[in-house]
$ cat work27.tsv   # TSV, C-alpha atoms
chain	number	residue	atom	x	y	z
A	1	MET	CA	46.34	-46.00	43.73
A	2	THR	CA	44.79	-46.13	40.26
A	3	THR	CA	41.95	-43.84	39.45
A	4	GLU	CA	39.83	-44.69	36.41
A	5	LEU	CA	38.14	-41.74	34.79
A	6	THR	CA	35.46	-42.17	32.21
A	7	ASP	CA	33.64	-39.18	30.65
A	8	THR	CA	30.51	-40.15	28.82
A	9	VAL	CA	29.58	-37.76	26.04
A	10	GLY	CA	26.23	-38.25	24.33
A	11	VAL	CA	24.72	-41.70	24.03
A	12	ASP	CA	26.86	-43.50	21.45
A	13	GLY	CA	30.39	-42.28	22.20
A	14	ALA	CA	32.73	-42.21	25.20
A	15	ALA	CA	36.02	-40.41	25.62
A	16	GLY	CA	38.62	-40.76	28.35
A	17	PRO	CA	41.73	-38.72	29.11
A	18	GLY	CA	43.75	-40.56	26.48
A	19	GLY	CA	41.00	-41.98	24.30
A	20	ASP	CA	40.80	-41.44	20.55
A	21	GLN	CA	37.07	-41.83	20.17
A	22	THR	CA	35.24	-38.83	18.75
A	23	PRO	CA	32.47	-37.65	21.02
A	24	THR	CA	28.93	-37.61	19.62
A	25	PHE	CA	26.11	-35.33	20.69
A	26	ASP	CA	22.56	-36.67	20.56
A	27	ALA	CA	20.88	-33.92	22.54
A	28	ALA	CA	17.66	-32.62	20.98
A	29	PRO	CA	17.90	-29.17	19.40
A	30	PRO	CA	16.42	-26.25	21.32
A	31	GLU	CA	12.73	-25.67	20.78
A	32	PRO	CA	13.08	-22.51	18.60
A	33	TYR	CA	15.24	-24.39	16.07
A	34	ARG	CA	12.93	-27.38	15.58
A	35	THR	CA	11.38	-27.51	12.12
A	36	LYS	CA	7.60	-27.43	12.12
A	37	SER	CA	5.78	-30.07	10.15
A	38	ARG	CA	3.82	-29.06	7.05
A	39	ALA	CA	0.55	-30.03	8.73
A	40	ARG	CA	1.29	-27.82	11.70
A	41	GLN	CA	2.27	-24.89	9.49
A	42	THR	CA	-0.96	-25.29	7.51
A	43	ALA	CA	-3.02	-25.48	10.67
A	44	GLU	CA	-1.39	-22.35	12.12
A	45	THR	CA	-2.13	-20.51	8.87
A	46	VAL	CA	-5.69	-21.68	8.28
A	47	LEU	CA	-7.17	-22.17	11.73
A	48	PRO	CA	-6.91	-18.59	13.12
A	49	PRO	CA	-8.98	-16.95	10.34
A	50	LEU	CA	-11.47	-19.84	10.45
A	51	VAL	CA	-11.91	-19.50	14.20
A	52	LEU	CA	-12.26	-15.72	13.94
A	53	GLY	CA	-14.72	-16.09	11.05
A	54	ALA	CA	-16.84	-18.52	13.05
A	55	ALA	CA	-16.83	-16.10	15.99
A	56	ILE	CA	-17.96	-13.24	13.73
A	57	ILE	CA	-20.81	-15.35	12.31
A	58	GLY	CA	-21.86	-16.34	15.82
A	59	LEU	CA	-21.86	-12.69	16.89
A	60	TRP	CA	-23.87	-11.89	13.76
A	61	TYR	CA	-26.56	-14.37	14.80
A	62	VAL	CA	-26.59	-12.99	18.32
A	63	VAL	CA	-27.10	-9.43	17.10
A	64	THR	CA	-29.83	-10.49	14.66
A	65	TYR	CA	-31.89	-12.67	16.99
A	66	VAL	CA	-31.13	-11.19	20.43
A	67	PHE	CA	-30.56	-7.45	20.05
A	68	LEU	CA	-32.86	-6.68	17.09
A	69	ASP	CA	-36.65	-6.73	17.34
A	70	PRO	CA	-38.39	-8.99	14.80
A	71	GLY	CA	-39.70	-5.92	13.01
A	72	LYS	CA	-36.21	-4.49	12.56
A	73	ARG	CA	-34.38	-7.62	11.42
A	74	PHE	CA	-34.36	-6.31	7.85
A	75	LEU	CA	-31.47	-4.14	9.05
A	76	LEU	CA	-29.24	-7.20	9.50
A	77	ARG	CA	-30.49	-10.45	8.01
A	78	PRO	CA	-29.01	-13.67	9.45
A	79	PRO	CA	-26.21	-15.34	7.46
A	80	HIS	CA	-28.28	-18.29	6.20
A	81	GLU	CA	-30.90	-15.98	4.71
A	82	VAL	CA	-28.19	-13.91	3.03
A	83	TRP	CA	-26.82	-17.11	1.52
A	84	GLN	CA	-30.22	-18.36	0.36
A	85	VAL	CA	-31.40	-15.10	-1.21
A	86	GLY	CA	-28.17	-13.41	-2.27
A	87	PHE	CA	-26.01	-16.35	-3.37
A	88	ALA	CA	-28.08	-19.52	-3.78
A	89	ASP	CA	-30.75	-17.78	-5.87
A	90	TRP	CA	-29.08	-17.65	-9.29
A	91	GLU	CA	-31.26	-14.81	-10.59
A	92	ASN	CA	-30.19	-12.54	-7.75
A	93	PHE	CA	-26.59	-13.72	-7.76
A	94	SER	CA	-26.23	-13.31	-11.54
A	95	GLU	CA	-27.47	-9.72	-11.21
A	96	ILE	CA	-24.80	-9.06	-8.58
A	97	LEU	CA	-22.13	-10.70	-10.75
A	98	GLY	CA	-23.15	-8.54	-13.71
A	99	GLY	CA	-22.88	-5.37	-11.65
A	100	LEU	CA	-19.58	-6.52	-10.19
A	101	TRP	CA	-18.14	-7.17	-13.66
A	102	SER	CA	-19.22	-3.70	-14.84
A	103	SER	CA	-17.52	-2.05	-11.84
A	104	THR	CA	-14.44	-4.23	-12.27
A	105	ARG	CA	-14.07	-3.17	-15.88
A	106	VAL	CA	-14.38	0.50	-14.93
A	107	ALA	CA	-11.89	0.09	-12.07
A	108	MET	CA	-9.30	-1.66	-14.24
A	109	ILE	CA	-9.55	0.91	-17.04
A	110	GLY	CA	-9.24	3.75	-14.55
A	111	LEU	CA	-6.32	2.05	-12.81
A	112	ALA	CA	-4.50	1.46	-16.11
A	113	ILE	CA	-4.86	5.15	-17.04
A	114	ALA	CA	-3.72	6.22	-13.56
A	115	ILE	CA	-0.68	3.92	-13.78
A	116	ALA	CA	0.33	5.33	-17.18
A	117	ILE	CA	-0.07	8.95	-16.04
A	118	GLY	CA	1.51	8.31	-12.63
A	119	PHE	CA	4.57	6.54	-14.02
A	120	PHE	CA	5.11	9.25	-16.64
A	121	LEU	CA	4.86	12.10	-14.13
A	122	ALA	CA	6.99	10.32	-11.51
A	123	ILE	CA	9.75	9.56	-14.04
A	124	ILE	CA	9.99	13.10	-15.38
A	125	MET	CA	9.84	14.47	-11.83
A	126	SER	CA	12.72	12.21	-10.81
A	127	GLN	CA	14.90	13.57	-13.62
A	128	ALA	CA	14.79	17.24	-12.62
A	129	LYS	CA	14.02	18.95	-9.33
A	130	VAL	CA	12.48	21.94	-11.07
A	131	ILE	CA	9.86	19.68	-12.71
A	132	GLU	CA	9.12	18.04	-9.37
A	133	ARG	CA	8.66	21.42	-7.69
A	134	GLY	CA	6.32	22.50	-10.47
A	135	ILE	CA	4.08	19.40	-10.64
A	136	PHE	CA	3.97	18.01	-7.11
A	137	PRO	CA	1.95	20.83	-5.46
A	138	PHE	CA	-0.83	20.40	-8.02
A	139	MET	CA	-0.91	16.65	-7.37
A	140	VAL	CA	-1.37	17.39	-3.66
A	141	VAL	CA	-4.19	19.81	-4.48
A	142	LEU	CA	-5.86	17.18	-6.67
A	143	GLN	CA	-5.62	14.64	-3.86
A	144	ALA	CA	-7.02	17.10	-1.32
A	145	ILE	CA	-10.13	18.00	-3.34
A	146	PRO	CA	-13.16	16.03	-2.07
A	147	ILE	CA	-14.53	13.96	-4.92
A	148	LEU	CA	-18.07	15.03	-4.01
A	149	ALA	CA	-17.12	18.66	-4.66
A	150	ILE	CA	-16.23	18.01	-8.29
A	151	VAL	CA	-19.01	15.53	-9.14
A	152	PRO	CA	-21.17	18.32	-10.68
A	153	LEU	CA	-18.23	19.48	-12.81
A	154	ILE	CA	-17.54	15.95	-14.00
A	155	SER	CA	-21.18	15.47	-14.92
A	156	PHE	CA	-21.23	18.80	-16.83
A	157	TRP	CA	-18.09	18.01	-18.82
A	158	PHE	CA	-18.20	14.25	-19.28
A	159	GLY	CA	-21.84	13.31	-18.76
A	160	THR	CA	-23.06	10.64	-16.37
A	161	GLY	CA	-21.92	7.51	-18.17
A	162	GLN	CA	-18.93	5.24	-18.03
A	163	THR	CA	-16.42	7.97	-18.90
A	164	ALA	CA	-17.31	9.90	-15.75
A	165	ARG	CA	-16.92	6.77	-13.61
A	166	ILE	CA	-13.51	6.04	-15.11
A	167	LEU	CA	-12.43	9.62	-14.42
A	168	VAL	CA	-13.41	9.24	-10.76
A	169	CYS	CA	-11.23	6.11	-10.54
A	170	VAL	CA	-8.28	7.95	-12.09
A	171	ILE	CA	-8.58	10.90	-9.72
A	172	ILE	CA	-8.82	8.70	-6.62
A	173	SER	CA	-6.02	6.26	-7.51
A	174	LEU	CA	-3.47	8.59	-9.15
A	175	PHE	CA	-1.76	10.19	-6.15
A	176	PRO	CA	-0.42	7.02	-4.40
A	177	ILE	CA	1.15	5.85	-7.66
A	178	ILE	CA	2.96	9.16	-8.17
A	179	VAL	CA	4.17	9.48	-4.58
A	180	ASN	CA	5.38	5.90	-4.16
A	181	THR	CA	6.99	5.70	-7.61
A	182	LEU	CA	8.80	9.01	-7.13
A	183	PHE	CA	10.00	7.95	-3.67
A	184	GLY	CA	11.28	4.65	-5.06
A	185	LEU	CA	13.07	6.26	-8.00
A	186	GLN	CA	14.85	8.63	-5.61
A	187	SER	CA	15.80	5.90	-3.14
A	188	ALA	CA	18.84	4.52	-5.00
A	189	GLU	CA	22.10	5.00	-3.08
A	190	ARG	CA	24.24	8.03	-3.85
A	191	GLY	CA	27.37	5.91	-4.18
A	192	THR	CA	25.74	3.75	-6.86
A	193	HIS	CA	24.78	6.89	-8.77
A	194	ASP	CA	28.42	7.98	-8.61
A	195	LEU	CA	29.47	4.60	-10.01
A	196	PHE	CA	27.10	5.02	-12.97
A	197	THR	CA	28.47	8.53	-13.52
A	198	LEU	CA	32.01	7.14	-13.50
A	199	HIS	CA	31.04	4.75	-16.30
A	200	ASN	CA	29.41	7.59	-18.30
A	201	ALA	CA	26.00	5.90	-18.13
A	202	SER	CA	23.18	7.68	-19.94
A	203	ARG	CA	19.99	8.81	-18.22
A	204	LEU	CA	18.08	5.94	-19.79
A	205	THR	CA	20.65	3.38	-18.61
A	206	ARG	CA	20.65	4.88	-15.12
A	207	LEU	CA	16.85	4.79	-15.04
A	208	ARG	CA	16.56	1.25	-16.39
A	209	LYS	CA	19.36	-0.45	-14.46
A	210	LEU	CA	19.54	1.53	-11.23
A	211	MET	CA	16.50	3.61	-10.41
A	212	LEU	CA	13.72	1.27	-11.53
A	213	PRO	CA	15.10	-1.85	-9.79
A	214	ALA	CA	15.56	0.16	-6.60
A	215	ALA	CA	12.04	1.56	-6.90
A	216	MET	CA	10.21	-1.74	-7.42
A	217	PRO	CA	9.13	-2.35	-3.78
A	218	ALA	CA	7.81	1.21	-3.45
A	219	ILE	CA	6.13	1.07	-6.87
A	220	PHE	CA	4.19	-2.07	-6.01
A	221	ALA	CA	3.25	-0.67	-2.62
A	222	GLY	CA	1.66	2.24	-4.46
A	223	LEU	CA	0.01	-0.06	-6.99
A	224	ARG	CA	-1.61	-2.18	-4.29
A	225	ILE	CA	-2.96	0.94	-2.58
A	226	SER	CA	-4.21	2.42	-5.84
A	227	ALA	CA	-5.78	-0.87	-6.95
A	228	GLY	CA	-7.99	-0.87	-3.86
A	229	LEU	CA	-8.78	2.81	-4.33
A	230	SER	CA	-9.77	2.22	-7.95
A	231	VAL	CA	-12.37	-0.31	-6.80
A	232	ILE	CA	-13.69	2.24	-4.32
A	233	GLY	CA	-13.72	4.86	-7.08
A	234	ALA	CA	-15.73	2.61	-9.38
A	235	ILE	CA	-18.33	2.01	-6.66
A	236	VAL	CA	-18.46	5.70	-5.72
A	237	GLY	CA	-18.84	6.62	-9.38
A	238	ASP	CA	-21.77	4.20	-9.67
A	239	PHE	CA	-23.60	6.10	-6.94
A	240	PHE	CA	-23.44	9.41	-8.82
A	241	PHE	CA	-23.33	8.46	-12.49
A	242	GLY	CA	-26.10	6.01	-13.29
A	243	ARG	CA	-26.11	5.83	-17.07
A	244	GLY	CA	-24.67	2.91	-19.00
A	245	ASP	CA	-24.07	-0.54	-17.55
A	246	VAL	CA	-25.39	-1.08	-14.05
A	247	GLY	CA	-22.48	-1.33	-11.63
A	248	ILE	CA	-22.28	-2.80	-8.17
A	249	GLY	CA	-22.65	0.67	-6.64
A	250	GLN	CA	-25.98	1.20	-8.36
A	251	LEU	CA	-27.13	-2.20	-7.12
A	252	LEU	CA	-26.10	-1.30	-3.57
A	253	GLN	CA	-28.12	1.89	-3.81
A	254	ARG	CA	-31.14	0.07	-5.23
A	255	TYR	CA	-31.07	-2.70	-2.60
A	256	ALA	CA	-30.79	-0.11	0.19
A	257	ASN	CA	-33.73	1.88	-1.15
A	258	GLN	CA	-35.87	-1.27	-1.47
A	259	LEU	CA	-34.77	-2.61	1.96
A	260	ASP	CA	-33.49	-5.85	0.38
A	261	GLY	CA	-31.15	-6.67	3.23
A	262	GLU	CA	-30.07	-10.08	1.96
A	263	GLN	CA	-29.10	-8.86	-1.50
A	264	LEU	CA	-27.52	-5.73	-0.02
A	265	LEU	CA	-25.21	-7.77	2.21
A	266	ALA	CA	-24.41	-10.18	-0.62
A	267	ALA	CA	-23.42	-7.24	-2.85
A	268	VAL	CA	-21.28	-5.82	-0.04
A	269	PHE	CA	-19.49	-9.16	0.38
A	270	MET	CA	-18.86	-9.42	-3.37
A	271	SER	CA	-17.48	-5.87	-3.43
A	272	SER	CA	-15.11	-6.80	-0.60
A	273	ALA	CA	-14.12	-9.97	-2.45
A	274	LEU	CA	-13.24	-7.87	-5.49
A	275	GLY	CA	-10.99	-5.64	-3.41
A	276	VAL	CA	-9.27	-8.64	-1.82
A	277	ALA	CA	-8.81	-10.32	-5.22
A	278	VAL	CA	-7.21	-7.20	-6.71
A	279	PHE	CA	-4.91	-6.87	-3.68
A	280	LEU	CA	-3.79	-10.51	-3.94
A	281	ILE	CA	-3.26	-10.31	-7.70
A	282	PHE	CA	-0.96	-7.31	-7.37
A	283	GLY	CA	0.87	-9.04	-4.52
A	284	TRP	CA	1.48	-12.04	-6.77
A	285	ILE	CA	2.70	-9.78	-9.60
A	286	GLN	CA	4.94	-8.00	-7.11
A	287	ASN	CA	6.66	-11.24	-6.11
A	288	LEU	CA	7.30	-12.13	-9.75
A	289	ALA	CA	8.50	-8.68	-10.79
A	290	ILE	CA	10.75	-7.97	-7.82
A	291	SER	CA	12.49	-11.34	-8.04
A	292	ARG	CA	13.06	-10.77	-11.77
A	293	TRP	CA	14.39	-7.26	-11.25
A	294	HIS	CA	16.69	-8.35	-8.46
A	295	GLU	CA	18.11	-11.12	-10.62
A	296	SER	CA	18.65	-8.81	-13.60
A	297	GLY	CA	19.99	-6.04	-11.37
A	298	SER	CA	22.72	-8.29	-10.01
A	299	GLY	CA	24.66	-7.99	-13.29
A	300	GLY	CA	27.01	-5.28	-14.41
A	301	ILE	CA	26.20	-1.85	-15.74

$ encode --input "work27.tsv" --output "C-alpha cells"
Amino acid sequence: MTTELTDTVGVDGAAGPGGDQTPTFDAAPPEPYRTKSRARQTAETVLPPLVLGAAIIGLWYVVTYVFLDPGKRFLLRPPHEVWQVGFADWENFSEILGGLWSSTRVAMIGLAIAIAIGFFLAIIMSQAKVIERGIFPFMVVLQAIPILAIVPLISFWFGTGQTARILVCVIISLFPIIVNTLFGLQSAERGTHDLFTLHNASRLTRLRKLMLPAAMPAIFAGLRISAGLSVIGAIVGDFFFGRGDVGIGQLLQRYANQLDGEQLLAAVFMSSALGVAVFLIFGWIQNLAISRWHESGSGGI
C-alpha cells in the first residue's frame, strides 16, 4: 500500500517528506506588530484633545446658560462672547498682548538670572560636600518662605518697579534648578568616576565629559519646572508691584475689579498659552541638547 503525504505550508509553497521546496509563510502578523498608518497615528494624537476640548466648551455653555442666573452671567461669559470681546476686538487684544509681552520679558530675565545662579551653586556644591552642607539648608529656607511674607521687604529695598518683579521670578524659580542640577551632577556612576581617576582626569574634564552629560535629563527637568514658575512669578509680581510697564497680572487685576469677564478670561487664556509655549520651547531645546550630549559623550575621555 502506498500512502501519499502532502503537507501544505502557507499559500505558495508545499513540502513533502522528501521535497526540497522551501516553505513560505503568508500568515498575517499579530495585531500588536502591525504598523499603524500615518493618518491613524495623526488621528489618535489629534482627536482626543479635540474631543475633550469640545466637551469642555459644551460644559462651559451649560454652566453659563443653565446654572447661572442672567444677572450673574458676568461671572462666566460664554465662549463666543469671550472671543468677540477679548480676541476679535483688536484694541482689547492688543492691550492683552502688550501686558503679556511685558510679563514675558520679566519672566525670561528672571529665569536667566535664576539659571546662572542655580548652575553656579549646583556646580560648586557638587565639587565638595562641605559646600553642599553649607549652602543647601539656606536654599531650602528660601524656598519655604512664602513670597507674600517678603513682598514688603522687596518693595522697601528694590521699589515697586520691574526690578522687584524680576526678583520675585528669581526667588520662585531658583530652587528647582539647584536641586535638579545637583541631583544630575551627582548621578554619574561610581565606576565611571573611577575610570576618570585612573586616567588622571582633571576636575574640569570630569565635569565637562562625565558629570554634565549625565546630568542633562535632570537639568532640563528642572528648567522646565522653573520656566513655568518664572511665568507665575512674573504674574504674581505684577499683582504687587504696579510701577513700570503694565504686565498681564495688572491687567487681570484691573479686569476683575471692573467685572470685565470677557477680557479677564481672554487674559487668563493668554497667560496659560504663555506657560504652555515656554514648556514646549524648553522641551524642544531638551531634545536637541540631550541628543548632542549623548553623541559627544560616546567618545573617549

$ residues_around --input "work27.tsv" --residues "Met270 of chain A" --least-positions-apart "2" --cutoff "12 Å" --atoms "all atoms listed in the file" --output "MDAnalysis selection string"
chainID A and resid 86:87 93:101 103:104 231 235 248:249 251:252 263:268 272:277

$ write_last_selection --input "work27.tsv" --atoms "C-alpha atoms" --output "short mmCIF file (atom, residue, chain, number, x, y, z; two decimals), keeping the file's coordinate frame"
data_model
loop_
_atom_site.label_atom_id
_atom_site.label_comp_id
_atom_site.auth_asym_id
_atom_site.auth_seq_id
_atom_site.Cartn_x
_atom_site.Cartn_y
_atom_site.Cartn_z
CA GLY A 86 -28.17 -13.41 -2.27
CA PHE A 87 -26.01 -16.35 -3.37
CA PHE A 93 -26.59 -13.72 -7.76
CA SER A 94 -26.23 -13.31 -11.54
CA GLU A 95 -27.47 -9.72 -11.21
CA ILE A 96 -24.80 -9.06 -8.58
CA LEU A 97 -22.13 -10.70 -10.75
CA GLY A 98 -23.15 -8.54 -13.71
CA GLY A 99 -22.88 -5.37 -11.65
CA LEU A 100 -19.58 -6.52 -10.19
CA TRP A 101 -18.14 -7.17 -13.66
CA SER A 103 -17.52 -2.05 -11.84
CA THR A 104 -14.44 -4.23 -12.27
CA VAL A 231 -12.37 -0.31 -6.80
CA ILE A 235 -18.33 2.01 -6.66
CA ILE A 248 -22.28 -2.80 -8.17
CA GLY A 249 -22.65 0.67 -6.64
CA LEU A 251 -27.13 -2.20 -7.12
CA LEU A 252 -26.10 -1.30 -3.57
CA GLN A 263 -29.10 -8.86 -1.50
CA LEU A 264 -27.52 -5.73 -0.02
CA LEU A 265 -25.21 -7.77 2.21
CA ALA A 266 -24.41 -10.18 -0.62
CA ALA A 267 -23.42 -7.24 -2.85
CA VAL A 268 -21.28 -5.82 -0.04
CA SER A 272 -15.11 -6.80 -0.60
CA ALA A 273 -14.12 -9.97 -2.45
CA LEU A 274 -13.24 -7.87 -5.49
CA GLY A 275 -10.99 -5.64 -3.41
CA VAL A 276 -9.27 -8.64 -1.82
CA ALA A 277 -8.81 -10.32 -5.22
#

$ closest_atom_pairs --input "work27.tsv" --of "segment 158-179 of chain A" --to "segment 126-138 of chain A" --cutoff "12 Å" --atoms "all atoms listed in the file" --output "JSON lines"
{"residue": "A:Phe175", "atom": "CA", "partner": "A:Phe136", "partner_atom": "CA", "distance": 9.7}
{"residue": "A:Ile178", "atom": "CA", "partner": "A:Phe136", "partner_atom": "CA", "distance": 9.0}
{"residue": "A:Val179", "atom": "CA", "partner": "A:Phe136", "partner_atom": "CA", "distance": 8.9}

$ closest_residue --input "work27.tsv" --among "A:Thr163, A:Ala218, A:Phe156, A:Ile172" --to "Gly184 of chain A" --atoms "all atoms listed in the file"
A:Ala218

$ atom_distance --input "work27.tsv" --atom1 "atom CA of Arg203 of chain A" --atom2 "atom CA of Phe220 of chain A"
22.7 Å

$ atom_distance --input "work27.tsv" --atom1 "atom CA of Tyr61 of chain A" --atom2 "atom CA of Pro79 of chain A"
7.4 Å

$ atom_distance --input "work27.tsv" --atom1 "atom CA of Leu198 of chain A" --atom2 "atom CA of Ile123 of chain A"
22.4 Å

$ closest_residue --input "work27.tsv" --among "A:Met125, A:Leu212, A:Glu189, A:Val168" --to "Pro146 of chain A" --atoms "only C-alpha atoms"
A:Val168

$ closest_residue --input "work27.tsv" --among "A:Pro48, A:Gly159, A:Gly58, A:Gly118" --to "Gly237 of chain A" --atoms "only C-alpha atoms"
A:Gly159

$ closest_atom_pairs --input "work27.tsv" --of "segment 186-244 of chain A" --to "segment 105-116 of chain A" --cutoff "10 Å" --atoms "all atoms listed in the file" --output "JSON lines"
{"residue": "A:Gly222", "atom": "CA", "partner": "A:Ile115", "partner_atom": "CA", "distance": 9.8}
{"residue": "A:Leu223", "atom": "CA", "partner": "A:Ile115", "partner_atom": "CA", "distance": 7.9}
{"residue": "A:Ser226", "atom": "CA", "partner": "A:Leu111", "partner_atom": "CA", "distance": 7.3}
{"residue": "A:Ala227", "atom": "CA", "partner": "A:Leu111", "partner_atom": "CA", "distance": 6.6}
{"residue": "A:Gly228", "atom": "CA", "partner": "A:Ala107", "partner_atom": "CA", "distance": 9.1}
{"residue": "A:Leu229", "atom": "CA", "partner": "A:Ala107", "partner_atom": "CA", "distance": 8.8}
{"residue": "A:Ser230", "atom": "CA", "partner": "A:Ala107", "partner_atom": "CA", "distance": 5.1}
{"residue": "A:Val231", "atom": "CA", "partner": "A:Ala107", "partner_atom": "CA", "distance": 5.3}
{"residue": "A:Ile232", "atom": "CA", "partner": "A:Ala107", "partner_atom": "CA", "distance": 8.2}
{"residue": "A:Gly233", "atom": "CA", "partner": "A:Ala107", "partner_atom": "CA", "distance": 7.1}
{"residue": "A:Ala234", "atom": "CA", "partner": "A:Ala107", "partner_atom": "CA", "distance": 5.3}
{"residue": "A:Ile235", "atom": "CA", "partner": "A:Ala107", "partner_atom": "CA", "distance": 8.6}
{"residue": "A:Gly237", "atom": "CA", "partner": "A:Val106", "partner_atom": "CA", "distance": 9.4}
{"residue": "A:Asp238", "atom": "CA", "partner": "A:Val106", "partner_atom": "CA", "distance": 9.8}

$ build_atoms --input "work27.tsv" --residues "segment 126-141 of chain A" --atoms "N, CA and C atoms" --output "PDB file, keeping the file's coordinate frame"
ATOM      1  N   SER A 126      11.469  12.724 -11.384  1.00  0.00           N
ATOM      2  CA  SER A 126      12.720  12.210 -10.810  1.00  0.00           C
ATOM      3  C   SER A 126      13.955  12.664 -11.590  1.00  0.00           C
ATOM      4  N   GLN A 127      13.764  13.172 -12.801  1.00  0.00           N
ATOM      5  CA  GLN A 127      14.900  13.570 -13.620  1.00  0.00           C
ATOM      6  C   GLN A 127      15.331  15.011 -13.391  1.00  0.00           C
ATOM      7  N   ALA A 128      14.448  15.834 -12.837  1.00  0.00           N
ATOM      8  CA  ALA A 128      14.790  17.240 -12.620  1.00  0.00           C
ATOM      9  C   ALA A 128      13.988  17.776 -11.442  1.00  0.00           C
ATOM     10  N   LYS A 129      14.681  18.403 -10.512  1.00  0.00           N
ATOM     11  CA  LYS A 129      14.020  18.950  -9.330  1.00  0.00           C
ATOM     12  C   LYS A 129      13.039  20.055  -9.684  1.00  0.00           C
ATOM     13  N   VAL A 130      13.353  20.838 -10.714  1.00  0.00           N
ATOM     14  CA  VAL A 130      12.480  21.940 -11.070  1.00  0.00           C
ATOM     15  C   VAL A 130      11.130  21.421 -11.557  1.00  0.00           C
ATOM     16  N   ILE A 131      11.133  20.278 -12.261  1.00  0.00           N
ATOM     17  CA  ILE A 131       9.860  19.680 -12.710  1.00  0.00           C
ATOM     18  C   ILE A 131       9.089  19.158 -11.515  1.00  0.00           C
ATOM     19  N   GLU A 132       9.789  18.542 -10.566  1.00  0.00           N
ATOM     20  CA  GLU A 132       9.120  18.040  -9.370  1.00  0.00           C
ATOM     21  C   GLU A 132       8.485  19.172  -8.582  1.00  0.00           C
ATOM     22  N   ARG A 133       9.208  20.290  -8.431  1.00  0.00           N
ATOM     23  CA  ARG A 133       8.660  21.420  -7.690  1.00  0.00           C
ATOM     24  C   ARG A 133       7.464  22.041  -8.403  1.00  0.00           C
ATOM     25  N   GLY A 134       7.425  21.927  -9.727  1.00  0.00           N
ATOM     26  CA  GLY A 134       6.320  22.500 -10.470  1.00  0.00           C
ATOM     27  C   GLY A 134       5.070  21.647 -10.457  1.00  0.00           C
ATOM     28  N   ILE A 135       5.226  20.307 -10.498  1.00  0.00           N
ATOM     29  CA  ILE A 135       4.080  19.400 -10.640  1.00  0.00           C
ATOM     30  C   ILE A 135       3.527  18.956  -9.295  1.00  0.00           C
ATOM     31  N   PHE A 136       4.402  18.676  -8.345  1.00  0.00           N
ATOM     32  CA  PHE A 136       3.970  18.010  -7.110  1.00  0.00           C
ATOM     33  C   PHE A 136       2.902  18.796  -6.335  1.00  0.00           C
ATOM     34  N   PRO A 137       3.011  20.123  -6.200  1.00  0.00           N
ATOM     35  CA  PRO A 137       1.950  20.830  -5.460  1.00  0.00           C
ATOM     36  C   PRO A 137       0.562  20.648  -6.059  1.00  0.00           C
ATOM     37  N   PHE A 138       0.482  20.578  -7.396  1.00  0.00           N
ATOM     38  CA  PHE A 138      -0.830  20.400  -8.020  1.00  0.00           C
ATOM     39  C   PHE A 138      -1.356  18.977  -7.799  1.00  0.00           C
ATOM     40  N   MET A 139      -0.468  18.007  -7.689  1.00  0.00           N
ATOM     41  CA  MET A 139      -0.910  16.650  -7.370  1.00  0.00           C
ATOM     42  C   MET A 139      -1.472  16.592  -5.949  1.00  0.00           C
ATOM     43  N   VAL A 140      -0.853  17.330  -5.040  1.00  0.00           N
ATOM     44  CA  VAL A 140      -1.370  17.390  -3.660  1.00  0.00           C
ATOM     45  C   VAL A 140      -2.738  18.054  -3.632  1.00  0.00           C
ATOM     46  N   VAL A 141      -2.892  19.129  -4.414  1.00  0.00           N
ATOM     47  CA  VAL A 141      -4.190  19.810  -4.480  1.00  0.00           C
ATOM     48  C   VAL A 141      -5.255  18.870  -5.040  1.00  0.00           C
TER      49      VAL A 141
END
